[in-house]
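The file upload.cif comes next; it holds mmCIF, C-alpha atoms.
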```cif
data_target
loop_
_atom_site.label_atom_id
_atom_site.label_comp_id
_atom_site.auth_asym_id
_atom_site.auth_seq_id
_atom_site.Cartn_x
_atom_site.Cartn_y
_atom_site.Cartn_z
CA MET A 25 0.00 0.00 0.00
CA ASN A 26 1.24 3.49 -0.78
CA CYS A 27 0.88 6.30 1.70
CA ARG A 28 -2.06 8.64 1.00
CA LEU A 29 -0.56 12.08 0.44
CA GLY A 30 -2.15 14.61 2.75
CA CYS A 31 -3.29 12.08 5.36
CA GLY A 32 -0.85 12.90 8.16
CA ALA A 33 -2.39 10.45 10.66
CA CYS A 34 0.99 8.87 11.40
CA CYS A 35 2.31 12.37 12.22
CA ILE A 36 -0.53 13.14 14.64
CA ALA A 37 -1.85 10.02 16.39
CA PRO A 38 1.24 8.20 17.70
CA SER A 39 3.71 9.33 20.30
CA ILE A 40 7.27 9.70 19.03
CA THR A 41 9.99 9.48 21.66
CA SER A 42 12.96 10.33 19.47
CA PRO A 43 13.94 13.95 18.83
CA ILE A 44 12.32 15.77 15.92
CA PRO A 45 13.65 19.11 14.66
CA GLY A 46 11.64 21.67 16.62
CA MET A 47 10.49 19.01 19.09
CA PRO A 48 13.67 17.87 20.88
CA SER A 49 11.78 15.62 23.29
CA GLY A 50 9.67 14.02 20.57
CA LYS A 51 5.90 14.42 20.62
CA PRO A 52 3.03 13.06 22.66
CA ALA A 53 0.22 11.02 21.12
CA GLY A 54 -2.47 13.15 19.52
CA VAL A 55 -0.20 16.15 19.04
CA ARG A 56 0.45 17.33 15.51
CA CYS A 57 4.15 17.08 14.58
CA ILE A 58 5.71 20.51 14.08
CA GLN A 59 7.17 19.22 10.79
CA LEU A 60 3.71 18.52 9.31
CA ASN A 61 2.76 21.34 6.94
CA ASP A 62 -0.72 22.74 6.25
CA ASP A 63 -1.21 20.15 3.49
CA ASN A 64 -0.37 17.32 5.95
CA LEU A 65 2.97 16.64 4.25
CA CYS A 66 6.24 16.14 6.12
CA LYS A 67 8.58 19.12 5.74
CA ILE A 68 11.63 16.92 6.42
CA PHE A 69 10.65 13.88 4.34
CA GLY A 70 13.76 12.27 2.87
CA GLN A 71 16.13 14.36 4.99
CA SER A 72 18.60 12.99 7.51
CA GLU A 73 16.90 14.94 10.34
CA ARG A 74 13.76 12.86 9.97
CA PRO A 75 13.50 10.37 12.87
CA ASP A 76 14.17 6.73 11.99
CA VAL A 77 10.78 5.72 13.37
CA CYS A 78 9.14 7.97 10.78
CA ALA A 79 11.30 6.78 7.91
CA GLU A 80 10.61 3.14 8.83
CA PHE A 81 6.82 3.53 8.98
CA ALA A 82 5.16 1.65 6.15
CA ALA A 83 1.57 2.32 5.18
CA ASN A 84 -0.56 -0.77 5.64
CA ILE A 85 -4.29 -1.30 5.23
CA ASP A 86 -4.48 -2.65 8.81
CA VAL A 87 -3.03 0.58 10.19
CA CYS A 88 -4.14 3.15 7.62
CA GLY A 89 -7.53 1.82 6.57
CA THR A 90 -9.10 3.21 3.43
CA THR A 91 -9.56 6.87 4.40
CA ASN A 92 -7.59 9.53 6.24
CA GLU A 93 -10.20 9.57 9.00
CA GLN A 94 -9.98 5.82 9.38
CA ALA A 95 -6.17 6.03 9.59
CA LEU A 96 -6.37 8.59 12.39
CA TRP A 97 -8.85 6.42 14.29
CA LEU A 98 -6.87 3.18 13.78
CA ILE A 99 -3.50 4.66 14.74
CA THR A 100 -5.03 6.41 17.76
CA ASP A 101 -6.58 3.10 18.83
CA LEU A 102 -3.26 1.26 18.38
CA GLU A 103 -1.43 3.94 20.36
CA SER A 104 -3.89 3.78 23.25
CA SER A 105 -3.78 -0.02 23.38
CA THR A 106 0.02 -0.08 23.58
CA CYS A 107 0.41 2.41 26.43
#
```

Can you give me the file's structure in the form of structure tokens?
Amino acid sequence: MNCRLGCGACCIAPSITSPIPGMPSGKPAGVRCIQLNDDNLCKIFGQSERPDVCAEFAANIDVCGTTNEQALWLITDLESSTC
């Protein structure tokens, strides 16, 4: 599955514990990443500053569903069940 451009769910729903430029302590679950632009695209995509956890994320129907809204719900649910 290819990532849906403009979704951004993986940059909002999960917590990220590694440093992100502009967010040196990472980000809590449910908080929009500072590197997510107004079109829900990563401003540091493909750059070395992008956290490994972000670069390693692979879109999958089980995690991303079929819509952006479904992705946000699914990833939020996964995050809450792994805390």

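Nearest residue to A:Pro45 among A:Ser72, A:Asn84, A:Asn64, A:Thr100 is A:Ser72, counting only C-alpha atoms.
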
Explicit residue set for the PyMOL selection byres ((chain A and resi 38) around 8), as a VMD selection string: chain A and resid 34 to 37 39 to 40 52 to 54 99 to 100 103

Hits of the PyMOL selection byres ((chain A and resi 87) around 9) in this structure, as a PyMOL selection string: chain A and resi 83-86+88-89+94-96+98-99+102

For atom CA of A:Glu73 and atom CA of A:Ser105, the interatomic separation in Å (one decimal):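 Answer for the atom CA of A:Glu73 to atom CA of A:Ser105 separation: 28.7 Å.
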
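Atom CA of A:Asn92 to atom CA of A:Ile68 spans 20.6 Å [interatomic distance, one decimal].
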
Proximity to A:Arg28 - best of A:Asp101, A:Thr91, A:Ile58, A:Gln71, only C-alpha atoms: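 Going through A:Asp101, A:Thr91, A:Ile58, A:Gln71 one by one, the smallest distance to A:Arg28 is for A:Thr91.
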
Nearest to A:Ser49 by atom-to-atom distance, counting only C-alpha atoms, from A:Pro75, A:Phe69, A:Ser104, A:Cys27: A:Pro75

Between atom CA of A:Gly32 and atom CA of A:Asp76, distance in Å (one decimal):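 It comes out at 16.7 Å.
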
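Ranking A:Thr90, A:Ser42, A:Thr106, A:Gln59 by their shortest atom-to-atom distance to A:Val77, with all atoms listed in the file included, puts A:Ser42 first.
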
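Among the candidate residues A:Glu80, A:Ala33, A:Trp97, A:Asn26, the one lying nearest to A:Leu60 is A:Ala33, with distances computed using all atoms listed in the file.
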